Structures are given as structure tokens and as C-alpha cells.
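> Before I ask anything, let me first share the structure, which is written out below as C-alpha cells.
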Number of protein chains: 2
Amino acid sequence: MAMGEFDLIRRCFAQPAQALLPDSQVRLGIGDDCALLQPSPGKVLAVSTDMLVAGRHFFPDVAPHALGHKALAVNLSDLAAMGARPLGFTLALALPQADEAWLGELSAGLLALAQAHHCPLVGGDTTRGPLNLCVTVFGEVSAGAALRRDAAQPGDDLWVSGQPGEARLALEGLWDRDWARASLTGPHGTQLRARLERPEPRLALGQTLAHLSLSTGRTLAALDLSDGLAGDLGHILHASGVGATLHESALPLSDALRALPTPYALDCVLHGGDDYELLWCAPPSLRDAVRAAAQDSGTAAHRIGQIHREPGLFLQANGGQRQPLAARGFDHFAP
Amino acid sequence: MAMGEFDLIRRCFAQPAQALLPDSQVRLGIGDDCALLQPSPGKVLAVSTDMLVAGRHFFPDVAPHALGHKALAVNLSDLAAMGARPLGFTLALALPQADEAWLGELSAGLLALAQAHHCPLVGGDTTRGPLNLCVTVFGEVSAGAALRRDAAQPGDDLWVSGQPGEARLALEGLWDRDWARASLTGPHGTQLRARLERPEPRLALGQTLAHLSLSTGRTLAALDLSDGLAGDLGHILHASGVGATLHESALPLSDALRALPTPYALDCVLHGGDDYELLWCAPPSLRDAVRAAAQDSGTAAHRIGQIHREPGLFLQANGGQRQPLAARGFDHFAP
């Protein structure tokens, strides 16, 4: 089916304007050379971009609805990690062919998540080419409230939300690895697959932590987990000039992960990637406030370790010695 | 050569921080989950995104320095078309392999243009995949000054900057078409190729037109030419609910275009694409002001037609009748 580029975009990505533009922050949406956004007074604009490539970030035969969800979710997760509130996003899309049914599903997945977070599609670009989705997301945050990678301090507790590791377990299951295969067909299979294909950006949690930052005058450190807990934590340690120790006994292990041999479960949790959970640091004096913030945002929060002056990343094993932990992540250009 | 993704990005896209961050509008650049930008008081944020795919938007063997330039230039051109001043940009990049020499040239072309327009790289994403560049650019403009597609009014003059058509002539020459081949080896060959490969975004012109909009209280219509003059003009006509007549005698024809048979020259000017010139509408009462604005910004401006109430797009041929002009553009999904 041949159709014009402009028609294609209009048909598949049309949004209920009123539903998606609840306030005046989008001054001009799709259709001009640029979108115009107006951050609230006293707020700064937070910007992030992520590119998803077929065969690398998703299976070529992934359900387009899930792909649409994930393309936006991983970007919203970056806003969550700054404590920002979403304002809108752009989508640039390269497609091998213009399949309207496929595009309709993609846009449905994308726009459902956009609507849930009041984050309208404000512009984009569509072209023919190998399948590629590039989302750029815009949010706002009070200048003094933004969560930063360089703000960890010795003595801080280390926290993580939700259940890191399950996305990796699902991925290994889809790759048909011996040790992971049974997980996808077991009682937790649906949940595991959703962790991989439909991550929920922790926006409410990020915003409550940013409020905590602002109200206490203590900037908190945070990031979102995309390449694996240990590797991503390394970015905070490097940026803040500190070290950390994780406690194996404190790491969250869901039933699905507990069913694995321990080394596999730990590998999923510590080096899995694709989690889109938040990892953050806060002083012990804020423990109750952090727990309340997590509860308010409906997200589980686990205190998993400490930040210390001594450089390096360590794991305090169950009933054993403290050992160095490689800050290895999932690296697209590794040999 | 194998190297980490993070090292690769750091090495090739490192910027002289002081040179690129002359003021405080970039609160936080590369390295955290999001960049933080602070538009000036009273300004709104202008956002645009464009994706460039190998084999479609550029030849796979294009010089990487020129490719870097063009990837940013086509996005800055969208800011120019709104009258916005650049604040920064993000780059998402998919690469078949991590070739440091090639990446060094790409980033040199990109960052030279960025520096010329005080538009720092504030964030990005790099992944392995078929070659794809997605740039998202951010600018600021006074809320009442933005040039818009829906602001054309009957009686307005129609203006275009520079020389549309030359980029197309260069492209046809590179495709080795009989009628275009000689152009590239002739005295204008270097200039033609630069038009295609190194377009200059008309930022100064766009900003002076936006000032004119603000100072006269009359919002001006404008866009940048990417798909061809006639097709792009169609977007203004559609958005503004008006028609237009172009005068063949008023269309600018450089020596290189004049050397072609007239139908080919007209096709290049009217339907060429890849021009990245500005097309705008302004009332006749502002003719002198428009000429002064163009002169101030060092850009040629040509008055090529009129906007009228009667719908449709027409060409007043030299010594002939007024005839309908197809608003066809270069359409990536056309059969």
C-alpha cells in the first residue's frame, strides 16, 4: 500500500488533543517546523534521547504495541531519574515499509503510555530505512530539586526500586537458555515478560524524591537502571568520587529469581540491564522520608547498601567476605 | 578495534566546554540521565527532530565531516523557520561499527557548526545498528514572535531566501543524469556540491523576521524548504487556508541553473528539495523592513509571489497564462 508520508503520520499518530494537552505547557504541537513548549516558572527543562534498533534493543518480531510502549518508557525513565515531570516528546521513526496495521499498534502502545503520564507527542520525523525508533523526551523540574549522578555522599544509604533482574531473566528465557527457559512458562512467565517488554517508568517515585531533595536542601543522587545495577551504580560512584558496598542479603529477589541457582539470580539482579528501576542515594536521616516517598508513589523501595569514601564497588556476600564487584554493564561495543 | 561505548562517546564528542557554553542556559550537559536547559525569561522552547538514514538522506560514502554538518544543519534550519535562537541539541547515533577516525570527522563537522551557532551538544545515545543519525534541537523564541505556518494572510508577499534548486541539481549530477552531469564539473561545481552537502541554516534571517513579527504585532508565516518549494509552500497554504501565485519571472535562477534547459531549472527550483532556505510571507507594507532584515542577516531575499484568498497554488509563466502548480514534494513513501 502506497501512501504519502504526511498522511501516514497524521493517521497513525493522531492524538485526542484535549486529553493530552491538559495545560498550557505545549504552546504548539505537531504540524509546524518546531513544537513550542513553555516550562512552568522557576523550572528548568530536562531533556533525554534514546534510540532503539531492531535486533539489538528488541526482537524484530516484537509486538508493535509493546515496542511503542517501551520506546517511550525508557525515555520517561530518564526523566524519572532526574525527578522531572513529563511535558512532551518527539518521535523519529525509520521504517522498512509503511504497514498501517503495524504502525497503528505501535502508536497505540506509545500514545497509551503518553496519555497515562500527560506527555503528548509534539513532533517527529518519519522516513524509510532499517527499523529504528528515536524518542526525545522533555520534562520540567525545579532547578534545585533535580536528582544528579554526582550528588552521592559517604554515609548515604543506597536504594533501588522494584525488582531488577527480572527483565534479564525474561530475555534469557526468550533466548532459550537452559537455565531460564522454564521461567517463562512457569507461573511468573507473564509478569517476567512484561518486565522486559513493558517497563513502567518510575516517574512518581522520581518526583517525590526530587521534592525530598528540595525540601531538605540535600541534593540526592539517582539514575535509572538500563545497563545493569552494578554497571550503572559505577556511574554514580565515578561522578561523585565515592565507593559503595552492596549487601547480598538485602538485594530483592522475587520468587521467579529465587527459583534460579543463586549465581544466576545474582547475575540477573546485578548485571541484568533493561530494568528501568531507579537507583538512588540518601542519608540515613531520611530513611523514613524515603520509605514514605516510595509508598506515596506506589513503588517498592529496597535499601541495599551504603556509599563510602573508600573507592570501588564491593559485594558483602551472605555469610562471607566482602569482595570486589566488577562494575561491568551491558556494553554495545564490547568485543 | 574494540572500545567501550562510553569511552567512544567521550573521546569523539568531547567539546571545549567554555567555548560552547557561553551563558547559563545549559545548566547540566552530557553525563547525567537528562540535560537541564533554562530558557530565558519570557521565552518559549522550540523543539525539532530529524532522522538521517544512509542511502536515503545521504550517500553511504559521504564524507563524514559533511554528514556531521548536515545532520545538525537540517535541524537548525527548523529553528530558523520558527525564528528561534539555538540553545543545544542531542544526537542519537546508530553505527554499523565503531570506527574512531570516521567518528572523529563526523563529530568535527557537527561540532564546528554547533560552535558557530553557540548550540552545544547536551546529550545523546550511541548504539550499534544500520547507520542512522537522529538530532533533536532546542531553541528559544519570544512567545509572540514565533514564525508559524498558519499565519499567512491574503495580500501577503511571498519571499524566499538564497538559491533553492541548486542542491537538487547537485544531487542529480551525483546520480549521473545526462542533463546534470556537466554542472558538477563546471565552474559552479564546488558551490553546487556545498549546497547539497553543507547547507547553511538561515538562523540570523529567521531571528530578524521574528523580531519584525514582534515589533509590528503581525505574526509572519514561514517554514524551511526541505521537500521542495511548491510542496512546502502547500503546507503554509493548507495551514493558513489561503492560496498563492508564484511568478516565474521572479524566481531566482543562479548561473548554474540558468545553464539548464528551462523546464529542468524550474523543476529544480520548485520541486528540488534539500534546500534549507526559508520561505516566508509578509504584508507589502513591510517590504522595506523585510529587505533590511535580510540584509542585516547577510542573506539574499527574493519576492517571488503573492498570497490570495482563492485556494490553490499557481504559476504565472513568463509571457503566458497562470497555470495550476502541483504541490508535489519529495515524498519518502510515494510509490
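Residues are referred to by chain and number: the chain letter is A, B, ... according to the order shown in the C-alpha cells, the number counts from 1 in that chain, and ligands are numbered separately from 1 in the order shown.
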Would you pick out the contacts of A:Leu212 at 9 Å or less, using only C-alpha atoms, so that residues sharing its chain but fewer than 5 positions from it are not included, and give the list as a list in words?

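Residues near the query, excluding close chain neighbours: Ala145, Gln207, Gly217, Arg218, Thr219, Leu220, Leu286, Ala289, Val290 and Ala293 of chain A.
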
> May I have the selected residues written with all heavy atoms, as a JSON list (two decimals), in the first residue's frame?


```json
[["chain", "number", "residue", "atom", "x", "y", "z"],
["A", 145, "ALA", "N", 15.99, 20.89, 42.60],
["A", 145, "ALA", "CA", 15.46, 19.59, 43.00],
["A", 145, "ALA", "C", 15.99, 18.43, 42.18],
["A", 145, "ALA", "O", 15.85, 17.27, 42.58],
["A", 145, "ALA", "CB", 13.93, 19.61, 42.89],
["A", 207, "GLN", "N", 9.74, 11.95, 41.19],
["A", 207, "GLN", "CA", 9.26, 13.29, 41.57],
["A", 207, "GLN", "C", 9.16, 13.45, 43.08],
["A", 207, "GLN", "O", 9.47, 14.52, 43.62],
["A", 207, "GLN", "CB", 7.92, 13.58, 40.88],
["A", 207, "GLN", "CG", 8.10, 13.85, 39.39],
["A", 207, "GLN", "CD", 6.77, 13.83, 38.61],
["A", 207, "GLN", "OE1", 5.87, 14.60, 38.90],
["A", 207, "GLN", "NE2", 6.66, 12.94, 37.64],
["A", 217, "GLY", "N", 16.95, 20.40, 51.23],
["A", 217, "GLY", "CA", 18.15, 21.13, 50.82],
["A", 217, "GLY", "C", 19.33, 20.21, 50.55],
["A", 217, "GLY", "O", 20.45, 20.67, 50.34],
["A", 218, "ARG", "N", 19.11, 18.93, 50.53],
["A", 218, "ARG", "CA", 20.18, 17.96, 50.26],
["A", 218, "ARG", "C", 19.90, 17.31, 48.90],
["A", 218, "ARG", "O", 18.95, 16.53, 48.78],
["A", 218, "ARG", "CB", 20.21, 16.90, 51.37],
["A", 218, "ARG", "CG", 20.98, 15.64, 51.02],
["A", 218, "ARG", "CD", 22.49, 15.87, 50.84],
["A", 218, "ARG", "NE", 23.04, 14.88, 49.93],
["A", 218, "ARG", "CZ", 23.38, 13.65, 50.26],
["A", 218, "ARG", "NH1", 23.26, 13.25, 51.52],
["A", 218, "ARG", "NH2", 23.86, 12.82, 49.34],
["A", 219, "THR", "N", 20.69, 17.68, 47.89],
["A", 219, "THR", "CA", 20.52, 17.07, 46.57],
["A", 219, "THR", "C", 20.79, 15.57, 46.66],
["A", 219, "THR", "O", 21.83, 15.15, 47.18],
["A", 219, "THR", "CB", 21.48, 17.70, 45.55],
["A", 219, "THR", "OG1", 21.20, 19.10, 45.48],
["A", 219, "THR", "CG2", 21.28, 17.10, 44.17],
["A", 220, "LEU", "N", 19.85, 14.77, 46.18],
["A", 220, "LEU", "CA", 20.03, 13.32, 46.22],
["A", 220, "LEU", "C", 20.60, 12.83, 44.88],
["A", 220, "LEU", "O", 20.35, 13.42, 43.83],
["A", 220, "LEU", "CB", 18.69, 12.63, 46.49],
["A", 220, "LEU", "CG", 17.97, 13.05, 47.78],
["A", 220, "LEU", "CD1", 16.68, 12.24, 47.97],
["A", 220, "LEU", "CD2", 18.89, 12.88, 49.00],
["A", 286, "LEU", "N", 17.16, 10.35, 56.38],
["A", 286, "LEU", "CA", 15.96, 10.45, 55.55],
["A", 286, "LEU", "C", 15.29, 9.09, 55.30],
["A", 286, "LEU", "O", 14.41, 8.98, 54.45],
["A", 286, "LEU", "CB", 16.29, 11.12, 54.21],
["A", 286, "LEU", "CG", 16.71, 12.59, 54.27],
["A", 286, "LEU", "CD1", 16.99, 13.11, 52.86],
["A", 286, "LEU", "CD2", 15.63, 13.44, 54.94],
["A", 289, "ALA", "N", 11.58, 9.19, 55.52],
["A", 289, "ALA", "CA", 11.03, 10.03, 54.45],
["A", 289, "ALA", "C", 11.10, 9.31, 53.11],
["A", 289, "ALA", "O", 10.18, 9.40, 52.29],
["A", 289, "ALA", "CB", 11.79, 11.35, 54.39],
["A", 290, "VAL", "N", 12.20, 8.59, 52.89],
["A", 290, "VAL", "CA", 12.33, 7.84, 51.64],
["A", 290, "VAL", "C", 11.27, 6.74, 51.57],
["A", 290, "VAL", "O", 10.62, 6.55, 50.53],
["A", 290, "VAL", "CB", 13.75, 7.24, 51.51],
["A", 290, "VAL", "CG1", 13.79, 6.17, 50.43],
["A", 290, "VAL", "CG2", 14.77, 8.34, 51.21],
["A", 293, "ALA", "N", 8.08, 8.33, 50.74],
["A", 293, "ALA", "CA", 8.05, 8.76, 49.34],
["A", 293, "ALA", "C", 7.75, 7.57, 48.42],
["A", 293, "ALA", "O", 6.95, 7.67, 47.48],
["A", 293, "ALA", "CB", 9.39, 9.39, 48.95]]
```

> Quick one: contact table of chain B to chain A, 8 Å max, nearest atom pair and distance in Å to one decimal per residue, counting only C-alpha atoms, chain and number order, as a Markdown table?


```
| residue | atom | partner | partner_atom | distance |
| --- | --- | --- | --- | --- |
| B:Ala2 | CA | A:Pro335 | CA | 5.6 |
| B:Met3 | CA | A:Phe333 | CA | 6.1 |
| B:Gly4 | CA | A:Phe333 | CA | 5.6 |
| B:Glu5 | CA | A:Phe333 | CA | 5.5 |
| B:Asp32 | CA | A:Arg149 | CA | 6.1 |
| B:Asp33 | CA | A:Asp78 | CA | 5.2 |
| B:Cys34 | CA | A:Ser48 | CA | 4.8 |
| B:Ala35 | CA | A:Val47 | CA | 5.1 |
| B:Leu36 | CA | A:Ala46 | CA | 4.6 |
| B:Leu37 | CA | A:Leu45 | CA | 4.9 |
| B:Gln38 | CA | A:Val44 | CA | 5.0 |
| B:Pro39 | CA | A:Val44 | CA | 7.7 |
| B:Lys43 | CA | A:Gln38 | CA | 7.7 |
| B:Val44 | CA | A:Gln38 | CA | 5.0 |
| B:Leu45 | CA | A:Leu37 | CA | 4.9 |
| B:Ala46 | CA | A:Leu36 | CA | 4.6 |
| B:Val47 | CA | A:Cys34 | CA | 5.1 |
| B:Ser48 | CA | A:Cys34 | CA | 4.8 |
| B:Thr49 | CA | A:Gly124 | CA | 5.8 |
| B:Asp50 | CA | A:Asp125 | CA | 5.7 |
| B:Met51 | CA | A:Ala92 | CA | 6.0 |
| B:Val53 | CA | A:Gly129 | CA | 6.3 |
| B:Arg56 | CA | A:Gly129 | CA | 7.6 |
| B:Asp78 | CA | A:Asp33 | CA | 5.2 |
| B:Leu79 | CA | A:Cys34 | CA | 6.7 |
| B:Ala81 | CA | A:Asp33 | CA | 6.4 |
| B:Met82 | CA | A:Asp33 | CA | 6.6 |
| B:Thr90 | CA | A:Thr49 | CA | 6.9 |
| B:Leu91 | CA | A:Thr49 | CA | 7.7 |
| B:Ala92 | CA | A:Met51 | CA | 6.0 |
| B:Leu93 | CA | A:Met51 | CA | 7.4 |
| B:Ala94 | CA | A:Met51 | CA | 7.7 |
| B:Ala98 | CA | A:Phe333 | CA | 7.3 |
| B:Gly123 | CA | A:Ser48 | CA | 6.8 |
| B:Gly124 | CA | A:Thr49 | CA | 5.8 |
| B:Asp125 | CA | A:Asp50 | CA | 5.7 |
| B:Thr126 | CA | A:Met51 | CA | 7.6 |
| B:Thr127 | CA | A:His332 | CA | 6.2 |
| B:Arg128 | CA | A:His332 | CA | 6.4 |
| B:Gly129 | CA | A:Val53 | CA | 6.3 |
| B:Pro130 | CA | A:Pro130 | CA | 6.7 |
| B:Cys134 | CA | A:Cys134 | CA | 6.8 |
| B:Thr136 | CA | A:Thr136 | CA | 7.1 |
| B:Arg148 | CA | A:Asp32 | CA | 6.7 |
| B:Arg149 | CA | A:Asp32 | CA | 6.1 |
| B:Leu223 | CA | A:Asp33 | CA | 6.4 |
| B:Asp224 | CA | A:Asp33 | CA | 7.5 |
| B:Asp331 | CA | A:Glu5 | CA | 6.2 |
| B:His332 | CA | A:Thr127 | CA | 6.2 |
| B:Phe333 | CA | A:Glu5 | CA | 5.5 |
| B:Ala334 | CA | A:Gly4 | CA | 5.8 |
| B:Pro335 | CA | A:Ala2 | CA | 5.6 |
```

> Would you mind listing what lies within 12 Å of B:Leu111 as a VMD selection string, with only C-alpha atoms counted and same-chain residues fewer than 3 positions away left out?

chain B and resid 12 to 17 19 to 20 65 to 73 88 to 91 103 to 108 114 to 122

> Tell me, as a PyMOL selection string, which residues lie within 9 Å of stretch 310-317 of chain B, counting only C-alpha atoms; anything in the same chain fewer than 5 positions away does not count.

chain B and resi 154+230+233-234+237-238+241-249+305+322-327

> Okay, now the selection with N, CA and C atoms, as a PDB file, in the first residue's frame?


```
ATOM      1  N   PRO B 154      -4.160  36.759   3.039  1.00  0.00           N
ATOM      2  CA  PRO B 154      -4.329  37.238   1.662  1.00  0.00           C
ATOM      3  C   PRO B 154      -3.697  38.617   1.510  1.00  0.00           C
ATOM      4  N   ALA B 230       7.447  24.180  -3.936  1.00  0.00           N
ATOM      5  CA  ALA B 230       5.997  24.091  -4.178  1.00  0.00           C
ATOM      6  C   ALA B 230       5.317  23.227  -3.120  1.00  0.00           C
ATOM      7  N   LEU B 233       5.446  25.012   0.294  1.00  0.00           N
ATOM      8  CA  LEU B 233       4.505  26.141   0.286  1.00  0.00           C
ATOM      9  C   LEU B 233       3.084  25.635   0.513  1.00  0.00           C
ATOM     10  N   GLY B 234       2.801  24.444  -0.024  1.00  0.00           N
ATOM     11  CA  GLY B 234       1.484  23.845   0.183  1.00  0.00           C
ATOM     12  C   GLY B 234       1.130  23.710   1.665  1.00  0.00           C
ATOM     13  N   LEU B 237      -0.091  27.095   2.785  1.00  0.00           N
ATOM     14  CA  LEU B 237      -1.415  27.375   2.217  1.00  0.00           C
ATOM     15  C   LEU B 237      -2.490  26.586   2.950  1.00  0.00           C
ATOM     16  N   HIS B 238      -2.193  25.311   3.219  1.00  0.00           N
ATOM     17  CA  HIS B 238      -3.154  24.449   3.913  1.00  0.00           C
ATOM     18  C   HIS B 238      -3.391  24.952   5.339  1.00  0.00           C
ATOM     19  N   GLY B 241      -5.182  28.368   5.199  1.00  0.00           N
ATOM     20  CA  GLY B 241      -6.443  28.453   4.462  1.00  0.00           C
ATOM     21  C   GLY B 241      -6.429  29.508   3.375  1.00  0.00           C
ATOM     22  N   VAL B 242      -5.334  29.581   2.638  1.00  0.00           N
ATOM     23  CA  VAL B 242      -5.191  30.569   1.567  1.00  0.00           C
ATOM     24  C   VAL B 242      -4.612  29.892   0.325  1.00  0.00           C
ATOM     25  N   GLY B 243      -4.473  30.660  -0.761  1.00  0.00           N
ATOM     26  CA  GLY B 243      -3.808  30.198  -1.969  1.00  0.00           C
ATOM     27  C   GLY B 243      -2.637  31.104  -2.290  1.00  0.00           C
ATOM     28  N   ALA B 244      -1.913  30.775  -3.380  1.00  0.00           N
ATOM     29  CA  ALA B 244      -0.755  31.593  -3.741  1.00  0.00           C
ATOM     30  C   ALA B 244      -0.480  31.495  -5.228  1.00  0.00           C
ATOM     31  N   THR B 245       0.099  32.544  -5.760  1.00  0.00           N
ATOM     32  CA  THR B 245       0.598  32.537  -7.137  1.00  0.00           C
ATOM     33  C   THR B 245       2.076  32.915  -7.130  1.00  0.00           C
ATOM     34  N   LEU B 246       2.874  32.055  -7.768  1.00  0.00           N
ATOM     35  CA  LEU B 246       4.299  32.332  -7.937  1.00  0.00           C
ATOM     36  C   LEU B 246       4.510  32.939  -9.321  1.00  0.00           C
ATOM     37  N   HIS B 247       5.457  33.845  -9.441  1.00  0.00           N
ATOM     38  CA  HIS B 247       5.781  34.452 -10.725  1.00  0.00           C
ATOM     39  C   HIS B 247       7.091  33.878 -11.242  1.00  0.00           C
ATOM     40  N   GLU B 248       7.021  33.206 -12.377  1.00  0.00           N
ATOM     41  CA  GLU B 248       8.226  32.582 -12.934  1.00  0.00           C
ATOM     42  C   GLU B 248       9.336  33.613 -13.093  1.00  0.00           C
ATOM     43  N   SER B 249       8.942  34.825 -13.520  1.00  0.00           N
ATOM     44  CA  SER B 249       9.960  35.852 -13.774  1.00  0.00           C
ATOM     45  C   SER B 249      10.678  36.295 -12.497  1.00  0.00           C
ATOM     46  N   GLY B 305       6.141  36.000  -5.208  1.00  0.00           N
ATOM     47  CA  GLY B 305       4.721  35.804  -5.485  1.00  0.00           C
ATOM     48  C   GLY B 305       3.838  36.438  -4.435  1.00  0.00           C
ATOM     49  N   ARG B 322      -1.589  31.953 -16.348  1.00  0.00           N
ATOM     50  CA  ARG B 322      -1.448  31.442 -14.991  1.00  0.00           C
ATOM     51  C   ARG B 322      -1.906  29.990 -15.003  1.00  0.00           C
ATOM     52  N   GLN B 323      -1.094  29.080 -14.478  1.00  0.00           N
ATOM     53  CA  GLN B 323      -1.454  27.662 -14.516  1.00  0.00           C
ATOM     54  C   GLN B 323      -1.331  27.031 -13.132  1.00  0.00           C
ATOM     55  N   PRO B 324      -2.184  26.013 -12.858  1.00  0.00           N
ATOM     56  CA  PRO B 324      -2.073  25.342 -11.551  1.00  0.00           C
ATOM     57  C   PRO B 324      -0.706  24.677 -11.423  1.00  0.00           C
ATOM     58  N   LEU B 325      -0.167  24.699 -10.236  1.00  0.00           N
ATOM     59  CA  LEU B 325       1.150  24.118  -9.968  1.00  0.00           C
ATOM     60  C   LEU B 325       0.964  23.014  -8.934  1.00  0.00           C
ATOM     61  N   ALA B 326       1.378  21.802  -9.303  1.00  0.00           N
ATOM     62  CA  ALA B 326       1.216  20.679  -8.367  1.00  0.00           C
ATOM     63  C   ALA B 326       2.080  20.925  -7.140  1.00  0.00           C
ATOM     64  N   ALA B 327       1.481  20.781  -5.959  1.00  0.00           N
ATOM     65  CA  ALA B 327       2.213  20.991  -4.707  1.00  0.00           C
ATOM     66  C   ALA B 327       2.944  19.707  -4.331  1.00  0.00           C
TER      67      ALA B 327
END
```

> Can you list, as a ChimeraX atom specification, every residue of stretch 99-248 of chain A that DSSP puts in strand (DSSP E or B)?

/A:121-128,132-142,148,157-161,221-224,243-247

> Quick one: everything within 6 Å of stretch 164-175 of chain B, counting only C-alpha atoms, minus sequence neighbours fewer than 6 positions away in the same chain. Send it as a CSV table (one decimal) with all heavy atoms, in the first residue's frame.


```
chain,number,residue,atom,x,y,z
B,181,ARG,N,25.0,16.3,-15.4
B,181,ARG,CA,26.4,15.8,-15.2
B,181,ARG,C,27.4,16.9,-15.3
B,181,ARG,O,28.3,17.1,-14.4
B,181,ARG,CB,26.7,14.7,-16.2
B,181,ARG,CG,27.9,13.9,-15.9
B,181,ARG,CD,28.0,12.8,-17.0
B,181,ARG,NE,26.9,11.9,-17.0
B,181,ARG,CZ,26.4,11.4,-18.1
B,181,ARG,NH1,26.9,11.7,-19.3
B,181,ARG,NH2,25.4,10.5,-18.1
B,192,LEU,N,27.8,24.0,-6.0
B,192,LEU,CA,26.6,23.2,-6.0
B,192,LEU,C,26.7,22.1,-5.0
B,192,LEU,O,25.7,21.8,-4.3
B,192,LEU,CB,26.5,22.6,-7.4
B,192,LEU,CG,26.0,23.5,-8.5
B,192,LEU,CD1,26.0,22.8,-9.9
B,192,LEU,CD2,24.7,24.1,-8.2
B,193,ARG,N,27.9,21.5,-4.9
B,193,ARG,CA,28.0,20.3,-4.0
B,193,ARG,C,27.9,20.8,-2.6
B,193,ARG,O,27.4,20.1,-1.7
B,193,ARG,CB,29.4,19.7,-4.3
B,193,ARG,CG,29.4,18.3,-3.9
B,193,ARG,CD,30.3,17.4,-4.6
B,193,ARG,NE,30.4,16.2,-3.8
B,193,ARG,CZ,30.9,15.1,-4.2
B,193,ARG,NH1,31.4,15.0,-5.4
B,193,ARG,NH2,30.9,14.0,-3.4
B,195,ARG,N,26.1,23.2,-1.6
B,195,ARG,CA,24.6,23.5,-1.3
B,195,ARG,C,23.9,22.2,-0.9
B,195,ARG,O,23.1,22.2,0.0
B,195,ARG,CB,23.9,23.9,-2.6
B,195,ARG,CG,24.3,25.3,-3.1
B,195,ARG,CD,23.4,26.3,-2.4
B,195,ARG,NE,23.6,27.6,-3.0
B,195,ARG,CZ,23.3,28.7,-2.4
B,195,ARG,NH1,22.8,28.8,-1.2
B,195,ARG,NH2,23.6,29.9,-3.1
B,196,LEU,N,24.4,21.1,-1.5
B,196,LEU,CA,23.7,19.8,-1.1
B,196,LEU,C,24.3,19.2,0.2
B,196,LEU,O,23.5,18.8,1.1
B,196,LEU,CB,24.0,18.7,-2.2
B,196,LEU,CG,23.5,17.3,-2.0
B,196,LEU,CD1,22.0,17.3,-1.9
B,196,LEU,CD2,24.0,16.4,-3.0
B,268,CYS,N,14.0,22.0,-10.6
B,268,CYS,CA,14.9,22.1,-9.5
B,268,CYS,C,14.5,23.1,-8.5
B,268,CYS,O,14.4,22.9,-7.3
B,268,CYS,CB,16.3,22.4,-10.0
B,268,CYS,SG,17.2,21.1,-10.8
B,269,VAL,N,14.1,24.3,-9.0
B,269,VAL,CA,13.7,25.4,-8.0
B,269,VAL,C,12.4,25.1,-7.3
B,269,VAL,O,12.3,25.3,-6.1
B,269,VAL,CB,13.6,26.7,-8.8
B,269,VAL,CG1,13.0,27.8,-7.9
B,269,VAL,CG2,14.9,27.2,-9.4
B,272,GLY,N,12.7,20.8,-6.0
B,272,GLY,CA,14.0,20.2,-5.8
B,272,GLY,C,14.2,19.5,-4.4
B,272,GLY,O,14.5,18.3,-4.3
B,275,ASP,N,16.8,22.1,0.2
B,275,ASP,CA,17.3,23.5,0.0
B,275,ASP,C,17.7,24.1,1.4
B,275,ASP,O,18.7,24.8,1.4
B,275,ASP,CB,16.2,24.4,-0.6
B,275,ASP,CG,15.9,23.9,-2.0
B,275,ASP,OD1,16.8,23.7,-2.8
B,275,ASP,OD2,14.7,23.8,-2.3
```

> Which of stretch 64-267 of chain B counts as helix (DSSP H, G or I) under DSSP, as a PyMOL selection string please?

chain B and resi 64-82+100-116+149-151+166-174+178-185+189-197+203-216+229-240+248-250+255-258+262-267

> Could you jot down the atom CA of B:Ile304 to atom CA of B:Val160 separation for me, Å, one decimal place?

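Computing the Euclidean distance for atom CA of B:Ile304 and atom CA of B:Val160 yields 7.0 Å.
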
> To one decimal in Å, tell me the separation between atom CA of A:Ala151 and atom CA of A:Pro199.

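Separation of atom CA of A:Ala151 and atom CA of A:Pro199: 26.1 Å.
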
> Extract, using only C-alpha atoms, all DNA, RNA and protein residues at most 9 Å from A:Ala204, discarding same-chain residues fewer than 6 positions from it, and format them as a ChimeraX atom specification.

/A:80,83,85,293-294,296-299
